[in-house]
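S.K.: Sharing a structure below in structure tokens format, with a few things to ask.
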Amino acid sequence: MNIVVAQSGGPTCAINASLLGVFRHATKYDEIETIYGSVNGIEGLISNNLVNLSEIICTDDDVELIRQTPSTVLGSCRYKLPDPTKDIKVYEDIVSTMRAHDIHAFFYIGGNDSMDTVMKLDRYFKLNGIDIVAIGIPKTIDNDLPETDHTPGFGSAAKYVATTTQEIIRDSSVYSVPSVTIIEIMGRDTGWLTASSAVLRANGETAPHLIYLPEKPFSTKKFLDDVREVQKTHRAVIVAVSEGIELDMAELGEEFQSGKTDNFGHKYLAGIGKALEKLVTKEIGCKVRSIELNVMQRCSSHLSSKRDISEAERIGGSAVKAALKGISGEMMVFYRVANHPYNVRIDHVSVSLVANHVKYFPTEWITESGNNVTDEAVEYCLPLIQGEQNIRYKNGIPQHYVLQQELPHK
Ligand code: F6P
């Protein structure tokens, strides 16, 4: 039989490692002949746009470079499938592509929305007696998938956030004048990634002095009070703020976000740091700078976590094993067995427990004052950022895997 793998949702540093996990593990089985990649996630299956992965991943060099290349080798999408009991045209197109290529297993590497695709496809296959299995492989820098201890991609993003925050702390403390530096960190609905900036504590840093997550209501008045309070003891105040906190726009007196949404109805965020910068300038009047880590936090693979990358590959391989046992409609998960020494076990759960659900940062790990996180967050994050990849460089620049020919994006 043949299989197909696709990448979906926001990029990470680890999503290509999971692709490699599927590919390299699948090549070990005689019963699997061709391993296809679907270009731009599920869109490639809808429009019959597949590539033979053996023609892309040819040598050990390719493997090494793909492993250290961020983003998605196969492209991505944010495509929402319709209800399989109401609108079947798109499902017929997908099955027709799969039939044409004798595909019997579908692997989808993605986050909450991508698991919605796995759930609906599995449902359609079962409703119609189609012998194809669909398996989800978790991925997201947001770390917001329920049922799994963490998601591939998060550890590398957290390592970048912590490292960059440390560099910003050094840079911000050089002058004798008071300053406030606001670092805006991704995480659409949850504060996991923003909270990861607190791991610097393990190395004796006291900053970020203030950390704000979407899990707690945000008040601009309280924020200004917090900043003034920290200023009593620190000349250079460092604030880590999640892009997902809700700001009262009326209170700020202007629109600071585009208001645009993706296919799943999620708002394109970004801009909160700038809005807070303006607020501090107006109300406190000291030197203020906002820094939006933006896409760098999900594509800076030169700072990726070795553990994250190797776990991503491992969980991709486990998905193949599960599919060969006939498992379908499930997502692979990590269970944390221990922290000291760190150990995880891989299993799978019904994708219905994950699709369209969100795992929030535990509110008991947020301090009572609502402006920082507890040491539990540090303990949780630390194992996930361990290890450095042996990155290959060319002309002093990390080398990326680049396809000789562009993939046909239909
Ligand atoms: O995939 C998660 C994420 O990186 C969020 O942290 C962020 O809000 C969102 O994706 C950005 O989406 P896009 O890449 O479509 O702009």
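Residues are named by chain letter and number: chains run A, B, ... in the order of the structure tokens, numbers start at 1 in each chain, and ligands are numbered from 1 in the order shown.
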I need the residues of segment 9-243 of chain A that end up classed as helix (DSSP H, G or I) by DSSP on the backbone, written out as a PyMOL selection string.

M.R.: chain A and resi 15-26+42-46+53-55+60-67+89-100+112-127+154-172+192-203+220-231

S.K.: Include C-alpha atoms and write out the residues we just selected as a compact mmCIF listing (two decimals), in the first residue's frame.

M.R.:
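Once written, again_30.txt looks like this:
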# COMPACT_ATOMS: atom_id res chain seq x y z
CA ILE A 15 7.23 20.09 11.69
CA ASN A 16 9.78 18.88 9.13
CA ALA A 17 11.25 16.53 11.73
CA SER A 18 7.83 14.88 12.11
CA LEU A 19 7.61 14.57 8.34
CA LEU A 20 11.00 12.83 8.44
CA GLY A 21 9.72 10.61 11.26
CA VAL A 22 6.86 9.40 9.08
CA PHE A 23 9.04 9.03 5.99
CA ARG A 24 12.01 7.30 7.58
CA HIS A 25 9.87 4.95 9.65
CA ALA A 26 7.61 4.07 6.73
CA ILE A 42 -5.20 18.86 2.67
CA GLU A 43 -5.42 21.21 -0.31
CA GLY A 44 -2.99 18.94 -2.18
CA LEU A 45 -5.30 15.97 -1.75
CA ILE A 46 -8.28 17.98 -2.88
CA LEU A 53 8.72 11.99 -1.01
CA SER A 54 11.48 9.60 -2.15
CA GLU A 55 12.16 12.06 -4.94
CA ASP A 60 21.38 11.43 4.15
CA ASP A 61 22.32 15.04 3.46
CA ASP A 62 18.70 15.79 2.55
CA VAL A 63 17.57 14.22 5.82
CA GLU A 64 20.01 16.28 7.87
CA LEU A 65 19.14 19.51 6.14
CA ILE A 66 15.38 18.99 6.29
CA ARG A 67 15.73 18.30 10.01
CA LYS A 89 -17.95 17.00 -2.79
CA VAL A 90 -14.58 17.83 -1.26
CA TYR A 91 -14.40 14.41 0.43
CA GLU A 92 -15.06 12.71 -2.90
CA ASP A 93 -12.18 14.69 -4.40
CA ILE A 94 -9.86 13.64 -1.57
CA VAL A 95 -10.83 9.98 -1.87
CA SER A 96 -10.48 10.10 -5.64
CA THR A 97 -6.87 11.35 -5.25
CA MET A 98 -6.20 8.68 -2.65
CA ARG A 99 -7.69 5.94 -4.81
CA ALA A 100 -5.71 7.09 -7.85
CA ASN A 112 -6.26 21.98 16.81
CA ASP A 113 -7.73 22.96 13.44
CA SER A 114 -5.80 20.29 11.56
CA MET A 115 -7.14 17.70 14.01
CA ASP A 116 -10.63 18.83 12.94
CA THR A 117 -9.62 17.71 9.43
CA VAL A 118 -8.42 14.32 10.71
CA MET A 119 -11.64 13.87 12.70
CA LYS A 120 -13.90 14.72 9.76
CA LEU A 121 -11.96 12.59 7.28
CA ASP A 122 -11.99 9.61 9.64
CA ARG A 123 -15.73 10.09 10.07
CA TYR A 124 -16.30 10.23 6.33
CA PHE A 125 -14.18 7.13 5.74
CA LYS A 126 -16.04 5.18 8.44
CA LEU A 127 -19.49 6.37 7.32
CA PHE A 154 6.79 24.35 21.41
CA GLY A 155 10.18 23.43 22.93
CA SER A 156 12.11 25.11 20.12
CA ALA A 157 9.91 28.21 20.18
CA ALA A 158 10.29 28.38 23.97
CA LYS A 159 14.08 28.11 23.66
CA TYR A 160 14.06 30.97 21.16
CA VAL A 161 11.78 33.10 23.35
CA ALA A 162 13.94 32.58 26.44
CA THR A 163 17.23 33.12 24.62
CA THR A 164 16.03 36.25 22.84
CA THR A 165 14.43 37.63 25.99
CA GLN A 166 17.76 37.19 27.79
CA GLU A 167 19.52 39.13 25.02
CA ILE A 168 16.89 41.86 25.20
CA ILE A 169 17.36 42.08 28.97
CA ARG A 170 21.12 42.67 28.51
CA ASP A 171 20.55 45.27 25.80
CA SER A 172 17.86 47.12 27.73
CA TRP A 192 2.25 28.72 27.24
CA LEU A 193 4.87 30.33 25.05
CA THR A 194 4.80 33.66 26.85
CA ALA A 195 5.14 31.81 30.16
CA SER A 196 8.22 30.03 28.84
CA SER A 197 10.15 33.31 29.12
CA ALA A 198 10.22 32.62 32.87
CA VAL A 199 12.73 29.77 32.42
CA LEU A 200 15.43 32.46 32.61
CA ARG A 201 14.81 32.33 36.34
CA ALA A 202 16.64 28.99 36.39
CA ASN A 203 19.79 30.94 35.43
CA THR A 220 -4.68 48.51 31.40
CA LYS A 221 -4.97 50.35 34.72
CA LYS A 222 -3.56 47.38 36.63
CA PHE A 223 -0.82 47.02 34.00
CA LEU A 224 0.27 50.65 34.49
CA ASP A 225 0.20 50.19 38.28
CA ASP A 226 2.32 47.03 37.92
CA VAL A 227 4.89 48.83 35.75
CA ARG A 228 5.11 51.76 38.21
CA GLU A 229 5.58 49.30 41.07
CA VAL A 230 8.45 47.44 39.32
CA GLN A 231 10.04 50.78 38.42

S.K.: Using only C-alpha atoms, which residues sit within 10 Å of Gly136 of chain A once same-chain residues fewer than 2 positions away are excluded, as JSON, numbers by chain?

M.R.: {"A": [5, 106, 107, 108, 109, 110, 111, 112, 114, 115, 116, 117, 118, 119, 134, 138, 139, 316, 319, 328, 329, 330, 331, 332, 333, 348, 349, 350, 351, 354, 355]}

S.K.: Excluding Thr363 of chain A and residues on its chain fewer than 2 positions from it, collect all residues at most 10 Å away from it, counting only C-alpha atoms, and give them as JSON, numbers by chain.

M.R.: {"A": [213, 215, 216, 360, 361, 365, 366, 367, 368, 370, 373, 374]}

S.K.: Find, counting only C-alpha atoms and all ligand atoms, the residue in A:Ile182, A:Leu279, A:Cys13, A:Ile291 that gets nearest to ligand 1.

M.R.: A:Cys13

S.K.: Can you tell me how far atom CA of Met1 of chain A sits from atom CA of Cys58 of chain A, in Å to one decimal?

M.R.: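 Answer for the atom CA of Met1 of chain A to atom CA of Cys58 of chain A separation: 20.5 Å.
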
S.K.: Excluding Thr34 of chain A and residues on its chain fewer than 6 positions from it, collect all residues at most 9 Å away from it, counting only C-alpha atoms, and give them as an NGL selection string.

M.R.: :A and (1-4 or 27 or 52-54 or 101 or 103)

S.K.: Include C-alpha atoms and write out the residues we just selected as an mmCIF file, in the first residue's frame.

M.R.:
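So the final result, stored in result_19.cif, reads:
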data_model
loop_
_atom_site.group_PDB
_atom_site.id
_atom_site.type_symbol
_atom_site.label_atom_id
_atom_site.label_comp_id
_atom_site.auth_asym_id
_atom_site.auth_seq_id
_atom_site.Cartn_x
_atom_site.Cartn_y
_atom_site.Cartn_z
ATOM 1 C CA MET A 1 0.000 0.000 0.000
ATOM 2 C CA ASN A 2 0.939 3.661 -0.306
ATOM 3 C CA ILE A 3 0.610 6.380 2.308
ATOM 4 C CA VAL A 4 0.387 10.176 2.305
ATOM 5 C CA THR A 27 10.602 3.134 4.554
ATOM 6 C CA ASN A 52 6.667 11.306 -4.145
ATOM 7 C CA LEU A 53 8.718 11.987 -1.011
ATOM 8 C CA SER A 54 11.477 9.598 -2.149
ATOM 9 C CA HIS A 101 -2.520 6.664 -5.803
ATOM 10 C CA ILE A 103 -3.272 5.393 -0.605
#

S.K.: Enumerate as a list in words all residues of segment 112-265 of chain A assigned to strand (DSSP E or B) by DSSP on the backbone, naming them with the chain letters and numbers the document uses.

M.R.: Val133, Ala134, Ile135, Gly136, Ile137, Pro138, Ser179, Val180, Thr181, Ile182, Ile183, Glu184, Ile185, Leu210, Ile211, Tyr212, Ala236, Val237, Ile238, Val239, Ala240, Val241, Ser242 and Thr261 of chain A

S.K.: Export, as an mmCIF file, in the first residue's frame, the selected residues with N, CA, C and O atoms.

M.R.:
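Wrote selection-v8.cif, looks like this:
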data_model
loop_
_atom_site.group_PDB
_atom_site.id
_atom_site.type_symbol
_atom_site.label_atom_id
_atom_site.label_comp_id
_atom_site.auth_asym_id
_atom_site.auth_seq_id
_atom_site.Cartn_x
_atom_site.Cartn_y
_atom_site.Cartn_z
ATOM 1 N N VAL A 133 -7.003 4.873 6.749
ATOM 2 C CA VAL A 133 -6.901 5.351 8.129
ATOM 3 C C VAL A 133 -6.367 6.789 8.135
ATOM 4 O O VAL A 133 -5.608 7.181 7.251
ATOM 5 N N ALA A 134 -6.803 7.541 9.141
ATOM 6 C CA ALA A 134 -6.359 8.945 9.273
ATOM 7 C C ALA A 134 -5.811 9.139 10.680
ATOM 8 O O ALA A 134 -6.489 8.845 11.670
ATOM 9 N N ILE A 135 -4.577 9.617 10.746
ATOM 10 C CA ILE A 135 -3.912 9.781 12.051
ATOM 11 C C ILE A 135 -3.381 11.204 12.183
ATOM 12 O O ILE A 135 -2.813 11.751 11.227
ATOM 13 N N GLY A 136 -3.526 11.780 13.363
ATOM 14 C CA GLY A 136 -3.008 13.122 13.627
ATOM 15 C C GLY A 136 -1.664 13.061 14.337
ATOM 16 O O GLY A 136 -1.441 12.219 15.213
ATOM 17 N N ILE A 137 -0.776 13.947 13.919
ATOM 18 C CA ILE A 137 0.537 14.079 14.585
ATOM 19 C C ILE A 137 0.587 15.516 15.107
ATOM 20 O O ILE A 137 0.469 16.457 14.328
ATOM 21 N N PRO A 138 0.703 15.690 16.437
ATOM 22 C CA PRO A 138 0.569 17.039 16.994
ATOM 23 C C PRO A 138 1.719 17.959 16.611
ATOM 24 O O PRO A 138 2.852 17.515 16.423
ATOM 25 N N SER A 179 13.531 52.742 31.742
ATOM 26 C CA SER A 179 12.933 52.284 30.478
ATOM 27 C C SER A 179 11.978 51.127 30.725
ATOM 28 O O SER A 179 12.061 50.433 31.744
ATOM 29 N N VAL A 180 11.073 50.952 29.771
ATOM 30 C CA VAL A 180 10.163 49.807 29.797
ATOM 31 C C VAL A 180 10.275 49.120 28.439
ATOM 32 O O VAL A 180 10.153 49.784 27.400
ATOM 33 N N THR A 181 10.557 47.822 28.427
ATOM 34 C CA THR A 181 10.634 47.074 27.170
ATOM 35 C C THR A 181 9.553 45.998 27.195
ATOM 36 O O THR A 181 9.496 45.181 28.119
ATOM 37 N N ILE A 182 8.711 46.042 26.178
ATOM 38 C CA ILE A 182 7.561 45.113 26.123
ATOM 39 C C ILE A 182 7.802 44.106 25.000
ATOM 40 O O ILE A 182 7.999 44.494 23.839
ATOM 41 N N ILE A 183 7.823 42.823 25.344
ATOM 42 C CA ILE A 183 8.073 41.773 24.344
ATOM 43 C C ILE A 183 6.755 41.055 24.061
ATOM 44 O O ILE A 183 6.153 40.476 24.967
ATOM 45 N N GLU A 184 6.317 41.132 22.829
ATOM 46 C CA GLU A 184 5.056 40.472 22.445
ATOM 47 C C GLU A 184 5.348 39.084 21.896
ATOM 48 O O GLU A 184 6.146 38.911 20.984
ATOM 49 N N ILE A 185 4.673 38.093 22.476
ATOM 50 C CA ILE A 185 4.958 36.689 22.158
ATOM 51 C C ILE A 185 3.703 36.006 21.622
ATOM 52 O O ILE A 185 2.593 36.270 22.095
ATOM 53 N N LEU A 210 7.378 41.255 34.540
ATOM 54 C CA LEU A 210 5.922 41.112 34.433
ATOM 55 C C LEU A 210 5.599 40.196 33.252
ATOM 56 O O LEU A 210 6.196 40.338 32.177
ATOM 57 N N ILE A 211 4.680 39.257 33.472
ATOM 58 C CA ILE A 211 4.284 38.317 32.404
ATOM 59 C C ILE A 211 2.754 38.277 32.365
ATOM 60 O O ILE A 211 2.112 37.993 33.380
ATOM 61 N N TYR A 212 2.197 38.576 31.198
ATOM 62 C CA TYR A 212 0.727 38.605 31.070
ATOM 63 C C TYR A 212 0.268 37.576 30.042
ATOM 64 O O TYR A 212 0.749 37.548 28.913
ATOM 65 N N ALA A 236 15.317 49.193 34.396
ATOM 66 C CA ALA A 236 14.886 48.688 33.077
ATOM 67 C C ALA A 236 13.838 47.596 33.293
ATOM 68 O O ALA A 236 14.165 46.480 33.695
ATOM 69 N N VAL A 237 12.597 47.954 33.045
ATOM 70 C CA VAL A 237 11.498 47.004 33.283
ATOM 71 C C VAL A 237 11.271 46.171 32.015
ATOM 72 O O VAL A 237 11.182 46.719 30.908
ATOM 73 N N ILE A 238 11.206 44.860 32.188
ATOM 74 C CA ILE A 238 10.972 43.968 31.036
ATOM 75 C C ILE A 238 9.602 43.307 31.220
ATOM 76 O O ILE A 238 9.321 42.704 32.256
ATOM 77 N N VAL A 239 8.771 43.424 30.186
ATOM 78 C CA VAL A 239 7.418 42.858 30.221
ATOM 79 C C VAL A 239 7.284 41.836 29.096
ATOM 80 O O VAL A 239 7.635 42.132 27.953
ATOM 81 N N ALA A 240 6.778 40.646 29.427
ATOM 82 C CA ALA A 240 6.459 39.658 28.380
ATOM 83 C C ALA A 240 4.945 39.594 28.284
ATOM 84 O O ALA A 240 4.263 39.363 29.294
ATOM 85 N N VAL A 241 4.412 39.802 27.102
ATOM 86 C CA VAL A 241 2.957 39.835 26.966
ATOM 87 C C VAL A 241 2.531 38.939 25.807
ATOM 88 O O VAL A 241 3.151 38.931 24.742
ATOM 89 N N SER A 242 1.478 38.186 26.041
ATOM 90 C CA SER A 242 0.972 37.304 24.997
ATOM 91 C C SER A 242 0.167 38.103 23.986
ATOM 92 O O SER A 242 -0.635 38.971 24.356
ATOM 93 N N THR A 261 -9.635 37.687 9.775
ATOM 94 C CA THR A 261 -9.648 36.343 10.366
ATOM 95 C C THR A 261 -9.228 35.308 9.323
ATOM 96 O O THR A 261 -9.303 35.568 8.125
#

S.K.: Which residue, A:Lys274, A:His234, A:Lys80, A:Lys325, has the smallest gap to Leu293 of chain A when you use only C-alpha atoms?

M.R.: A:Lys274
